[in-house]
Amino acid sequence: MTIKYTRWLRSYVGHQRILQVRACAFVRNEEGAILLCRRADVMLWDVPGGTIALDEVPAHGMAREVAEETGLHLEAERLIGVYGGHDFQWTYPNGDQAQILTIFFRARIASGTLTPTGHENVGTGFFLPDQLPPLVPRTRRMLTDALAERLEASFDR
């Protein structure tokens, strides 16, 4: 039986801030549009991904989360950046607080069809970089780094 780690941890700490490791993807289609998901909790758009499980390799967690959210199966190509700090503090609508450490991958679509699934998002779509919808604030910085196409991963020094 697999334990739901965050749920288990919350049973001890309640709404207190916890560290969550999130793996997410920067994906573009043939036209160069960026895959985004509209979050059900705040109705803003974000890159697809989510919290990785205990013992899960981050690139595998990213692929699993994106498949769950979009129906697309991805392959990680390279690391874009690792993000944390004040801008990555989050309070969920139920009051749960998190300090998010985000591992951001550039990925390509290996298979699948864009089919929104799950309960965490209310929409998915591809958007051109100059026509982005309202974003979760932390996402803009991540997309700026992804679009810069640097050879080295981005991180705060």
# chains A, B, ... in the order shown; residues from 1 in each chain; ligands from 1

$ select_by_dssp --residues "segment 30-124 of chain A" --states "strand (DSSP E or B)" --output "ChimeraX atom specification"
/A:34-39,45-46,49-51,72-83,89-91,97-112,121-124

$ closest_atom_pairs --of "segment 59-110 of chain A" --to "segment 132-156 of chain A" --cutoff "6 Å" --atoms "only C-alpha atoms" --output "CSV"
residue,atom,partner,partner_atom,distance
A:Leu79,CA,A:Ala153,CA,5.9
A:Ile80,CA,A:Ala153,CA,4.8
A:Gly81,CA,A:Ser154,CA,4.2
A:Val82,CA,A:Phe155,CA,5.3

$ write_last_selection --atoms "N, CA and C atoms" --output "PDB file, in the first residue's frame"
ATOM      1  N   LEU A  79      17.130  20.065 -18.065  1.00  0.00           N
ATOM      2  CA  LEU A  79      16.723  20.857 -16.910  1.00  0.00           C
ATOM      3  C   LEU A  79      16.771  22.339 -17.286  1.00  0.00           C
ATOM      4  N   ILE A  80      15.659  23.041 -17.066  1.00  0.00           N
ATOM      5  CA  ILE A  80      15.618  24.487 -17.297  1.00  0.00           C
ATOM      6  C   ILE A  80      16.061  25.228 -16.047  1.00  0.00           C
ATOM      7  N   GLY A  81      15.571  24.783 -14.874  1.00  0.00           N
ATOM      8  CA  GLY A  81      15.927  25.484 -13.654  1.00  0.00           C
ATOM      9  C   GLY A  81      15.361  24.837 -12.418  1.00  0.00           C
ATOM     10  N   VAL A  82      15.865  25.321 -11.282  1.00  0.00           N
ATOM     11  CA  VAL A  82      15.388  24.908  -9.966  1.00  0.00           C
ATOM     12  C   VAL A  82      15.001  26.193  -9.241  1.00  0.00           C
TER      13      VAL A  82
END

$ closest_residue --among "A:Val47, A:Val42, A:Cys37, A:Leu9" --to "Arg22 of chain A" --atoms "only C-alpha atoms"
A:Val47

$ residues_around --residues "segment 114-127 of chain A" --least-positions-apart "2" --cutoff "8 Å" --atoms "only C-alpha atoms" --output "ChimeraX atom specification"
/A:28-29,33-41,43,68-72,112,129,131-133

$ write_last_selection --atoms "N, CA and C atoms" --output "PDB file, in the first residue's frame"
ATOM      1  N   ARG A  28       6.221  22.641 -25.811  1.00  0.00           N
ATOM      2  CA  ARG A  28       5.724  23.435 -26.935  1.00  0.00           C
ATOM      3  C   ARG A  28       5.227  22.507 -28.031  1.00  0.00           C
ATOM      4  N   ASN A  29       4.199  22.966 -28.741  1.00  0.00           N
ATOM      5  CA  ASN A  29       3.712  22.195 -29.883  1.00  0.00           C
ATOM      6  C   ASN A  29       4.459  22.623 -31.146  1.00  0.00           C
ATOM      7  N   ALA A  33       3.612  27.048 -29.529  1.00  0.00           N
ATOM      8  CA  ALA A  33       2.745  27.415 -28.410  1.00  0.00           C
ATOM      9  C   ALA A  33       3.098  26.572 -27.183  1.00  0.00           C
ATOM     10  N   ILE A  34       2.874  27.131 -26.011  1.00  0.00           N
ATOM     11  CA  ILE A  34       3.261  26.543 -24.729  1.00  0.00           C
ATOM     12  C   ILE A  34       2.059  25.879 -24.068  1.00  0.00           C
ATOM     13  N   LEU A  35       2.259  24.669 -23.568  1.00  0.00           N
ATOM     14  CA  LEU A  35       1.198  23.952 -22.856  1.00  0.00           C
ATOM     15  C   LEU A  35       1.025  24.535 -21.456  1.00  0.00           C
ATOM     16  N   LEU A  36      -0.216  24.898 -21.124  1.00  0.00           N
ATOM     17  CA  LEU A  36      -0.555  25.412 -19.800  1.00  0.00           C
ATOM     18  C   LEU A  36      -1.827  24.742 -19.298  1.00  0.00           C
ATOM     19  N   CYS A  37      -1.965  24.717 -17.979  1.00  0.00           N
ATOM     20  CA  CYS A  37      -3.159  24.174 -17.320  1.00  0.00           C
ATOM     21  C   CYS A  37      -3.768  25.258 -16.447  1.00  0.00           C
ATOM     22  N   ARG A  38      -5.083  25.349 -16.462  1.00  0.00           N
ATOM     23  CA  ARG A  38      -5.777  26.317 -15.603  1.00  0.00           C
ATOM     24  C   ARG A  38      -6.135  25.633 -14.295  1.00  0.00           C
ATOM     25  N   ARG A  39      -5.548  26.124 -13.214  1.00  0.00           N
ATOM     26  CA  ARG A  39      -5.722  25.524 -11.894  1.00  0.00           C
ATOM     27  C   ARG A  39      -7.140  25.754 -11.377  1.00  0.00           C
ATOM     28  N   ALA A  40      -7.736  24.711 -10.843  1.00  0.00           N
ATOM     29  CA  ALA A  40      -9.090  24.803 -10.299  1.00  0.00           C
ATOM     30  C   ALA A  40      -9.132  25.609  -9.008  1.00  0.00           C
ATOM     31  N   ASP A  41      -8.029  25.645  -8.251  1.00  0.00           N
ATOM     32  CA  ASP A  41      -8.062  26.315  -6.944  1.00  0.00           C
ATOM     33  C   ASP A  41      -7.979  27.828  -7.032  1.00  0.00           C
ATOM     34  N   MET A  43      -7.908  29.495 -10.407  1.00  0.00           N
ATOM     35  CA  MET A  43      -8.382  29.862 -11.745  1.00  0.00           C
ATOM     36  C   MET A  43      -7.345  30.639 -12.551  1.00  0.00           C
ATOM     37  N   GLU A  68      -1.289  12.543 -15.996  1.00  0.00           N
ATOM     38  CA  GLU A  68      -2.521  12.564 -15.205  1.00  0.00           C
ATOM     39  C   GLU A  68      -3.364  13.795 -15.519  1.00  0.00           C
ATOM     40  N   GLU A  69      -2.703  14.943 -15.726  1.00  0.00           N
ATOM     41  CA  GLU A  69      -3.414  16.203 -15.927  1.00  0.00           C
ATOM     42  C   GLU A  69      -3.864  16.442 -17.366  1.00  0.00           C
ATOM     43  N   THR A  70      -3.112  15.896 -18.340  1.00  0.00           N
ATOM     44  CA  THR A  70      -3.346  16.288 -19.734  1.00  0.00           C
ATOM     45  C   THR A  70      -3.579  15.136 -20.701  1.00  0.00           C
ATOM     46  N   GLY A  71      -3.219  13.918 -20.333  1.00  0.00           N
ATOM     47  CA  GLY A  71      -3.291  12.802 -21.264  1.00  0.00           C
ATOM     48  C   GLY A  71      -2.075  12.696 -22.166  1.00  0.00           C
ATOM     49  N   LEU A  72      -1.137  13.630 -22.046  1.00  0.00           N
ATOM     50  CA  LEU A  72       0.081  13.599 -22.863  1.00  0.00           C
ATOM     51  C   LEU A  72       1.206  12.878 -22.134  1.00  0.00           C
ATOM     52  N   GLY A 112       0.230  10.445 -26.963  1.00  0.00           N
ATOM     53  CA  GLY A 112      -0.973  10.886 -26.260  1.00  0.00           C
ATOM     54  C   GLY A 112      -1.714  11.974 -27.002  1.00  0.00           C
ATOM     55  N   PRO A 129       3.670  32.478 -26.953  1.00  0.00           N
ATOM     56  CA  PRO A 129       4.338  33.264 -25.902  1.00  0.00           C
ATOM     57  C   PRO A 129       3.854  34.703 -25.777  1.00  0.00           C
ATOM     58  N   GLN A 131       0.773  35.628 -26.254  1.00  0.00           N
ATOM     59  CA  GLN A 131      -0.667  35.601 -25.994  1.00  0.00           C
ATOM     60  C   GLN A 131      -0.984  34.750 -24.765  1.00  0.00           C
ATOM     61  N   LEU A 132      -0.171  34.876 -23.732  1.00  0.00           N
ATOM     62  CA  LEU A 132      -0.356  34.057 -22.531  1.00  0.00           C
ATOM     63  C   LEU A 132      -1.562  34.539 -21.726  1.00  0.00           C
ATOM     64  N   PRO A 133      -2.309  33.607 -21.136  1.00  0.00           N
ATOM     65  CA  PRO A 133      -3.435  33.968 -20.269  1.00  0.00           C
ATOM     66  C   PRO A 133      -2.915  34.404 -18.892  1.00  0.00           C
TER      67      PRO A 133
END
